[in-house]
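Written out below as structure tokens is the structure these notes cover.
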Amino acid sequence: MAALHCFQTDRFPTPIGDMMLVARDGVLLLLEFIEAEERIAREMKRRFGDVTLEQVSDPFGLTGRLRDYFDGQVGIIDAMLADGGGTAFEAQVWAELRRIPCGTTISYGELARRLGNPNAMRAVGLANGRNPIAVVVPCHRVIGANGSMTGYGGGIHRKEWLLRHEGALLL
């Protein structure tokens, strides 16, 4: 029988919906809106096999830092340790997402250029959509080349809220 991995989890309210985080050893492994609970279970199973999620209040101080972000300290997420797993390409895309400064947006094409492959816009978009760590790995900062709000797993209304919250949208 395979050993079960134990991870700490917490659920908490935000102005744009309840979220759930999963962490181990101070590293954020997953952060999603609660309605994606089936995706959370699938992602944990895919990455770690059989897991045990232990409900903990503010594991490793991560919930507190996320609350601070939603309360206006938007830069606090920059120093959070995160590991979304993924393929080598996805990890490269997600690392580049973390380099987009708070309060700014870039296009999928610009993200592909930053990765050294300007023709990889579709692959970048797919990796963006597979990001299991919402907000902290800021896929919401990637928009269409014409400035349009393109897909966001949490919904366009949340993407727009996050960009306004960070000062990238003025309306």
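Each chain in the structure tokens gets a letter, A, B and so on, in the order shown; residues start at 1 in every chain, and ligands are counted from 1 in the order they appear.
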Please identify which residues in chain A DSSP calls strand (DSSP E) from the backbone, and express them as a PyMOL selection string.
chain A and resi 5-12+19-24+27-33+51-55+106-107+142-143
Exercise: Arg24 in chain A partners within 7 Å, only C-alpha atoms, chain neighbours under 2 positions left out, as a PyMOL selection string:
chain A and resi 7-8+26-28
Can you measure CA of Ile76 in chain A to CA of Gly64 in chain A for me? One decimal in Å is fine.
10.2 Å
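Of the listed residues A:Ala82, A:Ala145, A:Val137, A:Arg65, the one whose atoms come nearest to Glu96 in chain A is A:Val137, with distances taken using only C-alpha atoms.
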Long-range neighbours of range 151-162 of chain A as a CSV table (one decimal) with all heavy atoms, in the first residue's frame, 7 Å cut-off, only C-alpha atoms, 3 positions minimum in chain:
chain,number,residue,atom,x,y,z
A,16,ILE,N,-13.9,38.4,-3.8
A,16,ILE,CA,-14.3,37.8,-5.1
A,16,ILE,C,-14.7,36.3,-5.0
A,16,ILE,O,-14.8,35.7,-6.0
A,16,ILE,CB,-13.3,38.1,-6.2
A,16,ILE,CG1,-11.9,37.7,-5.9
A,16,ILE,CG2,-13.4,39.6,-6.6
A,16,ILE,CD1,-10.9,37.8,-7.0
A,33,PHE,N,-10.3,29.0,-6.5
A,33,PHE,CA,-11.6,29.4,-5.9
A,33,PHE,C,-12.4,28.1,-5.6
A,33,PHE,O,-12.2,27.1,-6.3
A,33,PHE,CB,-12.4,30.3,-7.0
A,33,PHE,CG,-11.7,31.6,-7.1
A,33,PHE,CD1,-10.8,31.9,-8.1
A,33,PHE,CD2,-11.9,32.6,-6.2
A,33,PHE,CE1,-10.2,33.1,-8.3
A,33,PHE,CE2,-11.3,33.9,-6.3
A,33,PHE,CZ,-10.4,34.1,-7.3
A,129,GLY,N,-3.5,28.7,-18.7
A,129,GLY,CA,-4.8,28.1,-18.2
A,129,GLY,C,-4.7,26.9,-17.3
A,129,GLY,O,-5.6,26.6,-16.6
A,140,HIS,N,-3.6,36.3,-14.2
A,140,HIS,CA,-4.6,37.4,-14.5
A,140,HIS,C,-4.0,38.6,-15.1
A,140,HIS,O,-4.7,39.4,-15.7
A,140,HIS,CB,-5.4,37.7,-13.2
A,140,HIS,CG,-4.6,38.3,-12.1
A,140,HIS,ND1,-3.9,37.5,-11.2
A,140,HIS,CD2,-4.2,39.6,-11.7
A,140,HIS,CE1,-3.2,38.2,-10.4
A,140,HIS,NE2,-3.4,39.5,-10.7
A,165,HIS,N,-7.8,46.0,-8.5
A,165,HIS,CA,-7.2,45.9,-7.1
A,165,HIS,C,-5.7,46.2,-7.1
A,165,HIS,O,-5.2,46.9,-6.3
A,165,HIS,CB,-7.5,44.5,-6.5
A,165,HIS,CG,-7.0,44.3,-5.2
A,165,HIS,ND1,-7.5,45.0,-4.1
A,165,HIS,CD2,-6.0,43.5,-4.7
A,165,HIS,CE1,-6.8,44.6,-3.0
A,165,HIS,NE2,-6.0,43.7,-3.3
A,166,GLU,N,-5.0,45.7,-8.2
A,166,GLU,CA,-3.6,45.9,-8.3
A,166,GLU,C,-3.2,47.3,-9.0
A,166,GLU,O,-2.0,47.6,-9.1
A,166,GLU,CB,-2.9,44.8,-9.1
A,166,GLU,CG,-3.0,43.5,-8.3
A,166,GLU,CD,-2.5,42.3,-9.1
A,166,GLU,OE1,-2.1,42.4,-10.3
A,166,GLU,OE2,-2.3,41.2,-8.5
For CA of Arg130 in chain A and CA of Leu115 in chain A, determine how far apart the two atoms are, in Å to one decimal place.
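Separation between CA of Arg130 in chain A and CA of Leu115 in chain A: 17.1 Å.
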Between CA of Gln73 in chain A and CA of Arg114 in chain A, what is the spacing in Å?
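It comes out at 27.1 Å.
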Shell around range 123-126 of chain A at 7 Å using only C-alpha atoms, local window under 4 positions removed, as a ChimeraX atom specification
/A:93,108,112,130
Given only C-alpha atoms as the basis, pick out the residue of A:Asn119, A:Thr63, A:Ser57, A:Thr52 nearest to Met19 in chain A.
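Checking each candidate against Met19 in chain A, we get A:Thr63 as the closest.
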Could you give me, as a ChimeraX atom specification, each residue of range 23-158 of chain A that DSSP assigns to helix (DSSP H, G or I) when run on this structure's backbone?
/A:34-48,59-70,74-79,88-97,108-114,121-129,139-141,156-158
Minimum-distance residue to Pro138 in chain A, chosen among A:Asp18, A:Asp83, A:Asp25, A:Asp78 (using only C-alpha atoms)
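Smallest separation from Pro138 in chain A among the options: A:Asp78.
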If we count only C-alpha atoms, what is near Ile40 in chain A at a cut-off of 10 Å, once residues fewer than 6 positions away on the same chain are taken out, given as an mmCIF file with N, CA and C atoms, in the first residue's frame?
data_model
loop_
_atom_site.group_PDB
_atom_site.id
_atom_site.type_symbol
_atom_site.label_atom_id
_atom_site.label_comp_id
_atom_site.auth_asym_id
_atom_site.auth_seq_id
_atom_site.Cartn_x
_atom_site.Cartn_y
_atom_site.Cartn_z
ATOM 1 N N MET A 20 -9.461 28.224 -1.653
ATOM 2 C CA MET A 20 -8.850 27.118 -0.921
ATOM 3 C C MET A 20 -7.380 27.070 -1.306
ATOM 4 N N LEU A 21 -6.539 26.915 -0.303
ATOM 5 C CA LEU A 21 -5.115 26.740 -0.572
ATOM 6 C C LEU A 21 -4.666 25.392 -0.055
ATOM 7 N N VAL A 22 -3.628 24.862 -0.681
ATOM 8 C CA VAL A 22 -2.987 23.632 -0.236
ATOM 9 C C VAL A 22 -1.499 23.932 -0.169
ATOM 10 N N LEU A 30 -1.165 24.923 -4.309
ATOM 11 C CA LEU A 30 -2.399 25.099 -5.039
ATOM 12 C C LEU A 30 -3.208 26.205 -4.387
ATOM 13 N N LEU A 31 -3.799 27.051 -5.186
ATOM 14 C CA LEU A 31 -4.695 28.096 -4.708
ATOM 15 C C LEU A 31 -5.767 28.295 -5.771
ATOM 16 N N GLU A 32 -6.992 27.983 -5.408
ATOM 17 C CA GLU A 32 -8.102 28.043 -6.355
ATOM 18 C C GLU A 32 -9.353 28.571 -5.654
ATOM 19 N N PHE A 33 -10.291 29.044 -6.467
ATOM 20 C CA PHE A 33 -11.596 29.409 -5.949
ATOM 21 C C PHE A 33 -12.358 28.125 -5.632
ATOM 22 N N ILE A 34 -13.118 28.145 -4.551
ATOM 23 C CA ILE A 34 -13.771 26.951 -4.017
ATOM 24 C C ILE A 34 -14.596 26.213 -5.071
ATOM 25 N N ARG A 46 -3.312 13.988 -9.463
ATOM 26 C CA ARG A 46 -2.368 13.887 -10.581
ATOM 27 C C ARG A 46 -0.933 14.130 -10.105
ATOM 28 N N PRO A 132 -2.143 26.218 -11.472
ATOM 29 C CA PRO A 132 -2.937 25.799 -10.318
ATOM 30 C C PRO A 132 -2.838 26.744 -9.114
#
